[in-house]
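Reviewing the structure listed below.
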Amino acid sequence: MTMLPINEIQERSDRHPKPSDIKFQYGTAGFRTLGKTLDSVLFRVGILAALRSKKLDGKTIGVMVTASHNPEPDNGVKLVDPRGEMLESSWEAHATALANAPNSVAFIAAVDEVVKAAKIDLAIPARVVFARDTRPTGPQLVAALKDGLEAIKAEYRDAGVTTTPVLHYLVRTINTKGTKDSYGEDTEEGYLTKLSDAFKKLLAGKPTPPPLLIDCANGVGALMAERFKAYLGDIFNINLVNADLHTPGALNNSCGADFVKVNQKLPPSITLQPGQRACSLDGDADRLMYYYADERGQFHMLDGDKITTLVASYIVELVKAAGLDEQIKVGVIQTAYANGSSTKYLSGRLPVKCVPTGVKHLHHAAEQYDIGVYFEANGHGTVLFSPAAQELISSHKPSTALTNLKNIIDVINQTVGDALSDAFLVEAVLAHKSFSGVEWDSMYCDLPNRLVKVVVSDRNAFKTEDAERRLVSPPGLQAKVDELVRKYEGGRSFVRPSGTEDVVRVYAEAATRTEADELAFRVAGLVYDEAGGDPSQRPKEFL
Ligand code: 16G
Ligand code: MG
């Protein structure tokens, strides 16, 4: 029987001691906190990724080192399962257990427990591919990760500095190479070629879209967007802003998709000409936020809900035009954060499902449809085509609609939300529908909304049901929220504990901006009082 290389693991693990005062948790976005505290976590994730690979018969597991839209000093790490999807949730507890073992001896005991609990055959080889974003703590964390992989003798491939969606793409292509499910070439070049070829085919014969301004959040998306330029040729021009990878502190600072969504305004570094369209990526390029200036120069945001509406409507049109609407059903997945107007617009036309926040929930729900379109309001999303739908599309009688549908499939990164792929998808749909930003925006009118966060002593006291739309704990609080909401025409509000920060989030929407703000702050006040915050610290705006 093959045993764990205990001495090797112990010796190397001693070089990556766990900080005694930190409790790590594998949450919605993997492990994420201050980068400089994550050395032991990365070492241990190396071992965990190898175990996951052994468990899955030597399939390649992905490891991405990133903290996405968070500030530059943060970093994080998450595992990617063989088809490019998020780590299976039952393994999140293993990850947390390994990360929190107080010392090397306890760590080895915890590894042993995972091996037993998951019935892992240690004789099976382990394969891992990893990448990192541009954060300054990245190289050192990758070194710790490699140490873990080497301690357990895993084979690994270093994909270097790249975006989260490229890493997901690599995992899927490596694991499907040479099979009937092959997803493309397992290289960055394969990714660039696949997406840009499909995009160029979709734009062929259409008027060239105006150049697109892309705010790269001063992150790794800038590298990838720059590489795309050569592949796009002159069929589509992109102009990059916030593409500075050298100034310390610039990453996600007053720019990027999260800045735009949260503040509902342009990054100060950008000015738009009347009519101009632009978009923002986040720090690891898996979220996309669009916007445009109207003829008076006024800013309008086109978020994940607007992207869903545009893309789902176009796909439905194509499926119908190809004569496949009887066989292929298109569905949409949203979360509680979806603007009420988008849900109303979409539910009149398509099945719409609401699931808890976090890509893994949306992704799994989208797999239940022949074509599942999912985007979080924050701009993270993609479209999934079931194997049966893909089979039908590839064998159905040729038509223009069918060709377009095939190219749409290829321009989309089905493994995970991909800001650049999504931007090409949006531009292709706009070109096919001859839409400007104004026409796209007018599909429905957003309800004014407000998101507020409340710092509480224990966010775990907050439990929800009904896809996070209702609180079950603390008892009685939901009834108070309901009572407040009833006072606002068209009002809606919900309270949920964050999965990535030690806070509780409050969302509210209402008929007017003032009412949405007021409702959000009043509900936040309820939360603050309930959670036992110090009355003298109660934020003034919580009415
Ligand atoms: C993470 C999730 C994102 C979710 C956000 C919610 C992934 C890859 N990312 O960024 O989908 O919207 O967390 O954060 O799953 P919150 O729980 O702090 O509100
Ligand atoms: Mg991200």
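Residue numbers start at 1 in each chain; chains themselves are named A, B, ... in the order of the structure tokens; ligands are numbered from 1 in the order shown.
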
| task | Excluding segment 229-244 of chain A and residues on its chain fewer than 5 positions from it, collect all residues at most 9 Å away from it, counting only C-alpha atoms, and give them as a ChimeraX atom specification. | result | /A:192-193,196-197,199-200,203-204,208-224,250-251,255-256,269-270

Can you write just those residues out, N, CA, C and O atoms, as a compact mmCIF listing (two decimals), in the first residue's frame?
# COMPACT_ATOMS: atom_id res chain seq x y z
N LEU A 192 -7.07 31.92 -26.89
CA LEU A 192 -7.17 33.17 -27.66
C LEU A 192 -7.69 32.89 -29.06
O LEU A 192 -8.52 33.64 -29.60
N THR A 193 -7.22 31.81 -29.66
CA THR A 193 -7.62 31.47 -31.03
C THR A 193 -9.09 31.07 -31.08
O THR A 193 -9.85 31.54 -31.94
N SER A 196 -11.36 34.20 -30.39
CA SER A 196 -11.30 35.27 -31.40
C SER A 196 -11.79 34.78 -32.76
O SER A 196 -12.44 35.53 -33.49
N ASP A 197 -11.54 33.52 -33.11
CA ASP A 197 -12.04 33.00 -34.39
C ASP A 197 -13.57 33.04 -34.43
O ASP A 197 -14.17 33.47 -35.41
N PHE A 199 -15.54 34.87 -32.66
CA PHE A 199 -16.00 36.26 -32.63
C PHE A 199 -15.89 36.89 -34.02
O PHE A 199 -16.79 37.58 -34.49
N LYS A 200 -14.78 36.63 -34.69
CA LYS A 200 -14.59 37.20 -36.04
C LYS A 200 -15.66 36.66 -37.00
O LYS A 200 -16.19 37.39 -37.82
N LEU A 203 -18.87 38.47 -36.45
CA LEU A 203 -18.88 39.86 -36.92
C LEU A 203 -18.79 39.97 -38.45
O LEU A 203 -19.05 41.04 -39.00
N ALA A 204 -18.44 38.86 -39.10
CA ALA A 204 -18.24 38.91 -40.56
C ALA A 204 -19.53 39.41 -41.24
O ALA A 204 -20.63 38.95 -40.92
N THR A 208 -18.47 47.18 -38.77
CA THR A 208 -17.50 47.09 -37.67
C THR A 208 -18.00 47.88 -36.46
O THR A 208 -18.34 49.06 -36.60
N PRO A 209 -18.08 47.24 -35.28
CA PRO A 209 -18.54 47.98 -34.09
C PRO A 209 -17.55 49.10 -33.76
O PRO A 209 -16.37 49.00 -34.10
N PRO A 210 -18.03 50.15 -33.06
CA PRO A 210 -17.09 51.20 -32.65
C PRO A 210 -16.05 50.61 -31.70
O PRO A 210 -16.34 49.62 -31.01
N PRO A 211 -14.84 51.20 -31.63
CA PRO A 211 -13.81 50.68 -30.72
C PRO A 211 -14.35 50.63 -29.29
O PRO A 211 -15.11 51.50 -28.88
N LEU A 212 -13.96 49.59 -28.57
CA LEU A 212 -14.47 49.42 -27.20
C LEU A 212 -13.40 49.80 -26.19
O LEU A 212 -12.27 49.30 -26.25
N LEU A 213 -13.78 50.69 -25.28
CA LEU A 213 -12.88 51.09 -24.19
C LEU A 213 -13.01 50.04 -23.09
O LEU A 213 -14.12 49.75 -22.63
N ILE A 214 -11.88 49.44 -22.70
CA ILE A 214 -11.94 48.43 -21.63
C ILE A 214 -11.12 48.88 -20.43
O ILE A 214 -9.91 49.10 -20.53
N ASP A 215 -11.81 49.02 -19.30
CA ASP A 215 -11.13 49.35 -18.03
C ASP A 215 -10.67 48.02 -17.42
O ASP A 215 -11.48 47.18 -17.06
N CYS A 216 -9.35 47.84 -17.33
CA CYS A 216 -8.80 46.55 -16.92
C CYS A 216 -8.54 46.45 -15.42
O CYS A 216 -7.89 45.49 -14.98
N ALA A 217 -9.00 47.42 -14.63
CA ALA A 217 -8.85 47.38 -13.17
C ALA A 217 -7.38 47.32 -12.74
O ALA A 217 -7.07 46.91 -11.62
N ASN A 218 -6.47 47.70 -13.65
CA ASN A 218 -5.02 47.59 -13.40
C ASN A 218 -4.64 46.16 -13.00
O ASN A 218 -3.79 45.95 -12.12
N GLY A 219 -5.30 45.20 -13.60
CA GLY A 219 -5.07 43.80 -13.23
C GLY A 219 -4.72 42.94 -14.43
O GLY A 219 -4.46 43.45 -15.54
N VAL A 220 -4.76 41.65 -14.19
CA VAL A 220 -4.28 40.67 -15.17
C VAL A 220 -5.10 40.67 -16.48
O VAL A 220 -4.62 40.25 -17.53
N GLY A 221 -6.33 41.20 -16.40
CA GLY A 221 -7.15 41.31 -17.60
C GLY A 221 -6.46 42.15 -18.67
O GLY A 221 -6.66 41.95 -19.88
N ALA A 222 -5.61 43.10 -18.21
CA ALA A 222 -4.89 43.96 -19.16
C ALA A 222 -3.95 43.13 -20.02
O ALA A 222 -3.84 43.35 -21.24
N LEU A 223 -3.29 42.16 -19.40
CA LEU A 223 -2.36 41.29 -20.16
C LEU A 223 -3.11 40.50 -21.22
O LEU A 223 -2.70 40.40 -22.38
N MET A 224 -4.23 39.92 -20.79
CA MET A 224 -4.98 39.08 -21.71
C MET A 224 -5.61 39.90 -22.83
O MET A 224 -5.59 39.52 -23.99
N ALA A 250 -2.35 50.15 -7.31
CA ALA A 250 -3.29 50.57 -8.37
C ALA A 250 -4.42 49.55 -8.62
O ALA A 250 -5.53 49.91 -9.02
N LEU A 251 -4.13 48.27 -8.33
CA LEU A 251 -5.09 47.21 -8.65
C LEU A 251 -6.45 47.47 -7.98
O LEU A 251 -6.53 47.66 -6.77
N CYS A 255 -11.34 51.79 -9.76
CA CYS A 255 -11.60 51.34 -11.12
C CYS A 255 -12.07 49.89 -11.07
O CYS A 255 -12.12 49.28 -9.99
N GLY A 256 -12.44 49.36 -12.22
CA GLY A 256 -12.84 47.96 -12.28
C GLY A 256 -14.34 47.75 -12.07
O GLY A 256 -15.07 48.65 -11.67
N SER A 269 -11.06 57.84 -13.67
CA SER A 269 -10.04 57.88 -14.72
C SER A 269 -10.64 57.82 -16.13
O SER A 269 -9.92 57.90 -17.12
N ILE A 270 -11.96 57.68 -16.23
CA ILE A 270 -12.58 57.51 -17.55
C ILE A 270 -13.54 58.65 -17.88
O ILE A 270 -14.36 59.04 -17.04

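Near ligand 1, the residues found within 8 Å are A:Thr28, A:Ala29, A:Ser68, A:His69, A:Met86, A:Thr357, A:Gly358, A:Val359, A:Lys360, A:Glu376, A:Asn378, A:His380, A:Arg496, A:Pro497, A:Ser498, A:Gly499, A:Thr500, A:Glu501, A:Val503, A:Arg505 (criterion computed using only C-alpha atoms and all ligand atoms).
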
Write out, as a compact mmCIF listing (two decimals), in the first residue's frame, the residues just selected, with all heavy atoms.
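This is the output file part-v3.txt:
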# COMPACT_ATOMS: atom_id res chain seq x y z
N THR A 28 -17.10 31.06 -0.23
CA THR A 28 -17.60 31.19 -1.61
C THR A 28 -16.48 31.37 -2.62
O THR A 28 -16.58 30.90 -3.75
CB THR A 28 -18.49 32.46 -1.74
OG1 THR A 28 -19.04 32.77 -0.48
CG2 THR A 28 -19.56 32.29 -2.76
N ALA A 29 -15.45 32.10 -2.21
CA ALA A 29 -14.39 32.42 -3.16
C ALA A 29 -13.10 31.70 -2.80
O ALA A 29 -12.02 32.15 -3.13
CB ALA A 29 -14.19 33.92 -3.17
N SER A 68 -9.34 38.47 -6.79
CA SER A 68 -10.38 39.08 -7.62
C SER A 68 -10.45 40.60 -7.50
O SER A 68 -9.47 41.29 -7.72
CB SER A 68 -11.70 38.40 -7.25
OG SER A 68 -12.73 38.83 -8.05
N HIS A 69 -11.61 41.11 -7.07
CA HIS A 69 -11.84 42.56 -7.02
C HIS A 69 -11.38 43.16 -5.69
O HIS A 69 -11.52 44.37 -5.49
CB HIS A 69 -13.33 42.84 -7.22
CG HIS A 69 -14.17 42.08 -6.24
ND1 HIS A 69 -14.42 40.73 -6.38
CD2 HIS A 69 -14.75 42.44 -5.07
CE1 HIS A 69 -15.16 40.31 -5.37
NE2 HIS A 69 -15.37 41.32 -4.55
N MET A 86 -16.27 24.88 -10.02
CA MET A 86 -15.77 25.11 -8.66
C MET A 86 -15.62 23.79 -7.90
O MET A 86 -16.36 22.84 -8.14
CB MET A 86 -16.76 25.98 -7.87
CG MET A 86 -17.03 27.31 -8.51
SD MET A 86 -15.58 28.35 -8.44
CE MET A 86 -16.06 29.58 -9.63
N THR A 357 -26.47 33.32 -3.70
CA THR A 357 -25.29 33.97 -4.25
C THR A 357 -24.10 33.01 -4.38
O THR A 357 -23.95 32.12 -3.56
CB THR A 357 -24.88 35.11 -3.29
OG1 THR A 357 -26.02 35.93 -3.10
CG2 THR A 357 -23.74 35.93 -3.81
N GLY A 358 -23.27 33.22 -5.37
CA GLY A 358 -22.07 32.38 -5.53
C GLY A 358 -22.17 31.59 -6.82
O GLY A 358 -23.20 30.98 -7.12
N VAL A 359 -21.07 31.62 -7.56
CA VAL A 359 -21.07 31.03 -8.90
C VAL A 359 -21.45 29.55 -8.88
O VAL A 359 -22.17 29.07 -9.75
CB VAL A 359 -19.69 31.23 -9.53
CG1 VAL A 359 -19.56 30.46 -10.82
CG2 VAL A 359 -19.47 32.71 -9.76
N LYS A 360 -20.99 28.83 -7.85
CA LYS A 360 -21.27 27.38 -7.88
C LYS A 360 -22.78 27.10 -7.90
O LYS A 360 -23.24 26.19 -8.58
CB LYS A 360 -20.59 26.66 -6.72
CG LYS A 360 -21.10 27.05 -5.38
CD LYS A 360 -20.39 26.30 -4.27
CE LYS A 360 -20.88 26.86 -2.94
NZ LYS A 360 -19.99 26.72 -1.85
N GLU A 376 -24.69 36.97 -12.41
CA GLU A 376 -25.02 37.69 -11.19
C GLU A 376 -25.08 39.16 -11.59
O GLU A 376 -24.43 39.58 -12.55
CB GLU A 376 -23.93 37.48 -10.12
CG GLU A 376 -23.94 36.07 -9.56
CD GLU A 376 -22.99 35.92 -8.37
OE1 GLU A 376 -21.77 35.94 -8.59
OE2 GLU A 376 -23.49 35.77 -7.25
N ASN A 378 -23.65 41.46 -10.36
CA ASN A 378 -22.30 42.02 -10.29
C ASN A 378 -21.45 41.75 -11.54
O ASN A 378 -20.29 42.13 -11.60
CB ASN A 378 -21.57 41.54 -9.04
CG ASN A 378 -21.33 40.02 -9.04
OD1 ASN A 378 -21.24 39.39 -10.09
ND2 ASN A 378 -21.21 39.43 -7.86
N HIS A 380 -20.78 38.64 -13.06
CA HIS A 380 -20.13 37.33 -13.24
C HIS A 380 -21.13 36.37 -13.86
O HIS A 380 -22.18 36.12 -13.29
CB HIS A 380 -19.66 36.77 -11.89
CG HIS A 380 -18.84 35.53 -12.06
ND1 HIS A 380 -17.62 35.36 -11.46
CD2 HIS A 380 -19.04 34.42 -12.79
CE1 HIS A 380 -17.11 34.20 -11.81
NE2 HIS A 380 -17.97 33.59 -12.61
N ARG A 496 -28.60 39.32 4.08
CA ARG A 496 -27.87 38.04 4.05
C ARG A 496 -26.45 38.22 4.59
O ARG A 496 -25.85 39.30 4.42
CB ARG A 496 -27.82 37.45 2.63
CG ARG A 496 -27.15 38.36 1.61
CD ARG A 496 -26.99 37.68 0.26
NE ARG A 496 -25.87 36.74 0.24
CZ ARG A 496 -24.60 37.08 0.01
NH1 ARG A 496 -24.25 38.33 -0.19
NH2 ARG A 496 -23.67 36.16 0.01
N PRO A 497 -25.93 37.18 5.25
CA PRO A 497 -24.54 37.29 5.70
C PRO A 497 -23.64 37.15 4.47
O PRO A 497 -23.89 36.32 3.60
CB PRO A 497 -24.38 36.07 6.61
CG PRO A 497 -25.40 35.08 6.14
CD PRO A 497 -26.53 35.86 5.55
N SER A 498 -22.58 37.96 4.42
CA SER A 498 -21.64 37.84 3.31
C SER A 498 -20.89 36.51 3.42
O SER A 498 -20.65 36.02 4.52
CB SER A 498 -20.65 39.00 3.37
OG SER A 498 -19.45 38.63 2.71
N GLY A 499 -20.52 35.95 2.27
CA GLY A 499 -19.71 34.74 2.27
C GLY A 499 -18.23 35.05 2.15
O GLY A 499 -17.39 34.16 2.22
N THR A 500 -17.88 36.32 1.96
CA THR A 500 -16.48 36.66 1.72
C THR A 500 -15.91 37.68 2.72
O THR A 500 -14.71 37.89 2.76
CB THR A 500 -16.28 37.25 0.31
OG1 THR A 500 -17.00 38.48 0.26
CG2 THR A 500 -16.77 36.32 -0.77
N GLU A 501 -16.79 38.35 3.48
CA GLU A 501 -16.34 39.38 4.42
C GLU A 501 -17.12 39.21 5.71
O GLU A 501 -18.25 38.70 5.68
CB GLU A 501 -16.73 40.77 3.89
CG GLU A 501 -15.76 41.46 3.01
CD GLU A 501 -16.31 42.85 2.66
OE1 GLU A 501 -17.04 42.95 1.66
OE2 GLU A 501 -16.02 43.80 3.38
N VAL A 503 -19.30 40.65 7.38
CA VAL A 503 -20.36 41.67 7.42
C VAL A 503 -21.69 41.04 7.02
O VAL A 503 -21.73 39.92 6.50
CB VAL A 503 -20.07 42.84 6.44
CG1 VAL A 503 -18.80 43.57 6.80
CG2 VAL A 503 -20.01 42.35 5.00
N ARG A 505 -25.00 41.90 4.57
CA ARG A 505 -25.36 42.80 3.48
C ARG A 505 -26.87 43.03 3.45
O ARG A 505 -27.65 42.11 3.70
CB ARG A 505 -24.93 42.22 2.14
CG ARG A 505 -23.42 41.99 2.07
CD ARG A 505 -22.93 41.98 0.63
NE ARG A 505 -21.61 41.38 0.54
CZ ARG A 505 -20.46 42.02 0.83
NH1 ARG A 505 -20.49 43.28 1.23
NH2 ARG A 505 -19.31 41.39 0.73

| task | From a DSSP calculation on the backbone, collect every residue of segment 77-130 of chain A in strand (DSSP E or B) and output the set as an MDAnalysis selection string. | result | chainID A and resid 77:80 86 127:130

| task | Please identify every polymer residue within 7 Å of ligand 2, using only C-alpha atoms and all ligand atoms, and present the set as a ChimeraX atom specification. | result | /A:68-69,282-287

Determine, using only C-alpha atoms, which residues of segment 70-116 of chain A have any atom at most 10 Å from an atom of segment 135-145 of chain A, and tabulate each with its shortest atom pair and distance in Å to one decimal place, rows ordered by chain and then rising number, as CSV.
residue,atom,partner,partner_atom,distance
A:Pro71,CA,A:Arg135,CA,9.5
A:Glu72,CA,A:Arg135,CA,6.2
A:Pro73,CA,A:Thr137,CA,7.6
A:Asp74,CA,A:Arg135,CA,8.2
A:Asn75,CA,A:Thr137,CA,7.2
A:Gly76,CA,A:Gly138,CA,9.2
A:Val77,CA,A:Leu141,CA,9.3

Keeping N, CA and C atoms for every residue in the selection just given, could you write it to a file as a short mmCIF file (atom, residue, chain, number, x, y, z; two decimals), in the first residue's frame?
data_model
loop_
_atom_site.label_atom_id
_atom_site.label_comp_id
_atom_site.auth_asym_id
_atom_site.auth_seq_id
_atom_site.Cartn_x
_atom_site.Cartn_y
_atom_site.Cartn_z
N PRO A 71 -8.96 44.57 -2.55
CA PRO A 71 -7.79 45.46 -2.58
C PRO A 71 -6.48 44.69 -2.78
N GLU A 72 -5.48 45.40 -3.27
CA GLU A 72 -4.21 44.77 -3.65
C GLU A 72 -3.51 43.95 -2.55
N PRO A 73 -3.54 44.39 -1.28
CA PRO A 73 -2.85 43.58 -0.25
C PRO A 73 -3.52 42.23 0.00
N ASP A 74 -4.79 42.07 -0.38
CA ASP A 74 -5.46 40.78 -0.20
C ASP A 74 -4.94 39.78 -1.22
N ASN A 75 -5.09 38.51 -0.89
CA ASN A 75 -4.88 37.48 -1.89
C ASN A 75 -5.77 36.30 -1.53
N GLY A 76 -5.73 35.27 -2.32
CA GLY A 76 -6.61 34.15 -2.05
C GLY A 76 -6.25 32.99 -2.94
N VAL A 77 -6.96 31.87 -2.70
CA VAL A 77 -6.68 30.70 -3.52
C VAL A 77 -7.94 29.86 -3.59
#

| Can you tell me, as a ChimeraX atom specification, what residues are no more than 9 Å from segment 319-325 of chain A when counting only C-alpha atoms, ignoring any on the same chain fewer than 2 positions away? | /A:314-317,327-330,392-393,396-402,405

| query | Looking at only C-alpha atoms, which of A:Gly35, A:Trp440, A:Arg127, A:Asn252 is the one that sits closest to Ala49 of chain A? | reply |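 The shortest atom-to-atom distance to Ala49 of chain A comes from A:Arg127.
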
| Residues near segment 114-123 of chain A, cut-off 9 Å, only C-alpha atoms, skip fewer than 6 positions along chain, as a PyMOL selection string | chain A and resi 1-4+48+51-52+54-57+94+98

The selected residues should be written to file as a compact mmCIF listing (two decimals), in the first residue's frame (atoms: C-alpha atoms).
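Writing done, so here's result-v3.txt:
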# COMPACT_ATOMS: atom_id res chain seq x y z
CA MET A 1 0.00 0.00 0.00
CA THR A 2 1.33 3.43 -0.91
CA MET A 3 1.82 5.67 2.11
CA LEU A 4 1.98 9.43 2.48
CA LEU A 48 -5.15 19.18 -0.90
CA LEU A 51 -5.42 14.56 -2.91
CA ARG A 52 -8.40 15.81 -4.92
CA LYS A 54 -5.87 11.28 -6.72
CA LYS A 55 -9.49 10.97 -5.60
CA LEU A 56 -10.59 11.74 -9.17
CA ASP A 57 -8.34 9.15 -10.74
CA HIS A 94 -11.57 19.27 4.10
CA LEU A 98 -6.28 21.26 6.60

| So which bits of segment 240-489 of chain A end up helix (DSSP H, G or I) when you DSSP the backbone, as an NGL selection string? | :A and (257-263 or 304-321 or 340-347 or 359-366 or 387-395 or 400-411 or 419-433 or 437-441 or 459-461 or 477-485)

Against segment 406-414 of chain A, which residues of segment 309-365 of chain A fall within 10 Å? For each one I want the closest pair of atoms and the distance in Å (one decimal), counting only C-alpha atoms, rows by chain and increasing residue number, as CSV.
residue,atom,partner,partner_atom,distance
A:Val311,CA,A:Ile408,CA,10.0
A:Ile315,CA,A:Ile408,CA,8.6
A:Leu318,CA,A:Ile408,CA,10.0
A:His363,CA,A:Gln414,CA,9.5

Could you write out that same residue set with C-alpha atoms as a PDB file, in the first residue's frame?
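Final output, result.pdb:
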ATOM      1  CA  VAL A 311     -27.899  37.425 -24.421  1.00  0.00           C
ATOM      2  CA  ILE A 315     -30.168  32.950 -28.025  1.00  0.00           C
ATOM      3  CA  LEU A 318     -31.555  31.926 -32.789  1.00  0.00           C
ATOM      4  CA  HIS A 363     -23.571  27.146 -12.479  1.00  0.00           C
TER       5      HIS A 363
END

Near Ala377 of chain A, counting only C-alpha atoms, which residues have an atom at most 12 Å away, once you skip same-chain residues fewer than 5 positions from it, shown as a compact mmCIF listing (two decimals) with N, CA and C atoms, in the first residue's frame?
# COMPACT_ATOMS: atom_id res chain seq x y z
N ALA A 257 -14.77 46.52 -12.36
CA ALA A 257 -16.20 46.19 -12.38
C ALA A 257 -16.89 46.41 -11.04
N ASP A 258 -16.20 46.06 -9.95
CA ASP A 258 -16.83 46.18 -8.65
C ASP A 258 -17.02 47.66 -8.27
N VAL A 260 -17.52 50.12 -10.30
CA VAL A 260 -18.63 50.65 -11.11
C VAL A 260 -19.98 50.18 -10.55
N LYS A 261 -20.06 48.88 -10.23
CA LYS A 261 -21.34 48.33 -9.76
C LYS A 261 -21.73 48.91 -8.41
N VAL A 262 -20.77 48.95 -7.48
CA VAL A 262 -21.08 49.41 -6.13
C VAL A 262 -21.40 50.91 -6.11
N ARG A 287 -15.39 39.13 -14.06
CA ARG A 287 -16.62 39.93 -14.00
C ARG A 287 -16.57 41.04 -15.03
N LEU A 288 -17.73 41.39 -15.53
CA LEU A 288 -17.82 42.41 -16.57
C LEU A 288 -18.98 43.36 -16.28
N MET A 289 -18.69 44.64 -16.35
CA MET A 289 -19.73 45.64 -16.19
C MET A 289 -19.69 46.56 -17.41
N TYR A 290 -20.81 46.71 -18.11
CA TYR A 290 -20.87 47.59 -19.28
C TYR A 290 -21.51 48.92 -18.89
N MET A 301 -25.51 52.45 -16.52
CA MET A 301 -24.84 51.17 -16.27
C MET A 301 -25.62 50.01 -16.89
N LEU A 302 -24.89 49.08 -17.47
CA LEU A 302 -25.50 47.87 -18.04
C LEU A 302 -24.86 46.69 -17.32
N ASP A 303 -25.53 46.22 -16.27
CA ASP A 303 -24.91 45.23 -15.38
C ASP A 303 -25.19 43.79 -15.82
N GLY A 304 -24.90 42.86 -14.93
CA GLY A 304 -25.08 41.44 -15.25
C GLY A 304 -26.51 41.10 -15.67
N ASP A 305 -27.49 41.78 -15.05
CA ASP A 305 -28.90 41.51 -15.40
C ASP A 305 -29.18 41.97 -16.83
N LYS A 306 -28.60 43.11 -17.20
CA LYS A 306 -28.82 43.61 -18.57
C LYS A 306 -28.13 42.68 -19.57
N ILE A 307 -26.97 42.14 -19.17
CA ILE A 307 -26.26 41.20 -20.06
C ILE A 307 -27.10 39.93 -20.24
N THR A 308 -27.64 39.41 -19.13
CA THR A 308 -28.51 38.22 -19.22
C THR A 308 -29.64 38.47 -20.22
N THR A 309 -30.31 39.60 -20.06
CA THR A 309 -31.49 39.88 -20.87
C THR A 309 -31.12 39.94 -22.35
N ILE A 333 -30.87 31.85 -14.84
CA ILE A 333 -30.65 31.74 -13.40
C ILE A 333 -30.21 33.10 -12.86
N GLN A 334 -30.86 33.51 -11.77
CA GLN A 334 -30.48 34.78 -11.13
C GLN A 334 -30.32 34.58 -9.63
N THR A 335 -29.87 35.61 -8.95
CA THR A 335 -29.85 35.58 -7.48
C THR A 335 -30.78 36.68 -6.99
N ALA A 336 -30.92 36.76 -5.66
CA ALA A 336 -31.80 37.78 -5.06
C ALA A 336 -31.37 39.19 -5.47
N TYR A 337 -30.10 39.37 -5.84
CA TYR A 337 -29.62 40.70 -6.21
C TYR A 337 -30.09 41.15 -7.59
N ALA A 338 -30.69 40.24 -8.36
CA ALA A 338 -31.13 40.64 -9.70
C ALA A 338 -32.16 41.75 -9.57
N ASN A 339 -32.02 42.77 -10.38
CA ASN A 339 -32.97 43.87 -10.31
C ASN A 339 -34.39 43.35 -10.60
N GLY A 340 -35.36 43.78 -9.78
CA GLY A 340 -36.74 43.31 -9.91
C GLY A 340 -37.28 43.49 -11.32
N SER A 342 -35.62 43.28 -14.10
CA SER A 342 -35.07 42.28 -15.01
C SER A 342 -35.81 40.96 -14.81
N THR A 343 -36.10 40.63 -13.55
CA THR A 343 -36.80 39.38 -13.26
C THR A 343 -38.19 39.43 -13.90
N THR A 357 -26.47 33.32 -3.70
CA THR A 357 -25.29 33.97 -4.25
C THR A 357 -24.10 33.01 -4.38
N GLY A 358 -23.27 33.22 -5.37
CA GLY A 358 -22.07 32.38 -5.53
C GLY A 358 -22.17 31.59 -6.82
N VAL A 359 -21.07 31.62 -7.56
CA VAL A 359 -21.07 31.03 -8.90
C VAL A 359 -21.45 29.55 -8.88
N LEU A 362 -25.18 29.10 -9.15
CA LEU A 362 -25.74 29.49 -10.45
C LEU A 362 -25.35 28.46 -11.52
N ASP A 446 -34.25 49.74 -15.02
CA ASP A 446 -33.85 49.30 -13.68
C ASP A 446 -34.63 50.01 -12.58
N ASN A 449 -31.81 51.05 -6.70
CA ASN A 449 -31.49 50.09 -5.65
C ASN A 449 -30.29 50.54 -4.85
N LEU A 451 -27.22 49.02 -1.96
CA LEU A 451 -26.60 47.94 -1.20
C LEU A 451 -25.82 48.55 -0.04

| task | Using only C-alpha atoms, find the one residue out of A:Lys36, A:Ala531, A:Tyr291, A:Leu350 that sits nearest to Gln264 of chain A. | result |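 Checking each of A:Lys36, A:Ala531, A:Tyr291, A:Leu350 against Gln264 of chain A, counting only C-alpha atoms, the winner is A:Tyr291.
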
| remark: Among A:Lys18, A:Lys177, A:Arg469, A:Lys353, Leu42 of chain A is approached most closely, using only C-alpha atoms, by A:Lys18

| request: Would you mind reading off the distance between atom CA of Tyr369 of chain A and atom CA of Phe435 of chain A, one decimal, in Å? | output: 27.5 Å

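Relative to atom CA of Glu326 of chain A, atom CA of Ser347 of chain A is found at 18.7 Å.
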
| task | Determine the nearest neighbour of Ala388 of chain A from the options A:Asp81, A:Asp181, A:Glu155, A:Asp458, counting only C-alpha atoms. | result |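 Smallest separation from Ala388 of chain A among the options: A:Asp181.
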
| query | Of the candidates A:Arg44, A:Arg157, A:Lys344, A:Arg296, which shows the shortest atom-to-atom distance to Gln273 of chain A, using only C-alpha atoms? | reply |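 For Gln273 of chain A, the nearest of the given residues is A:Arg296.
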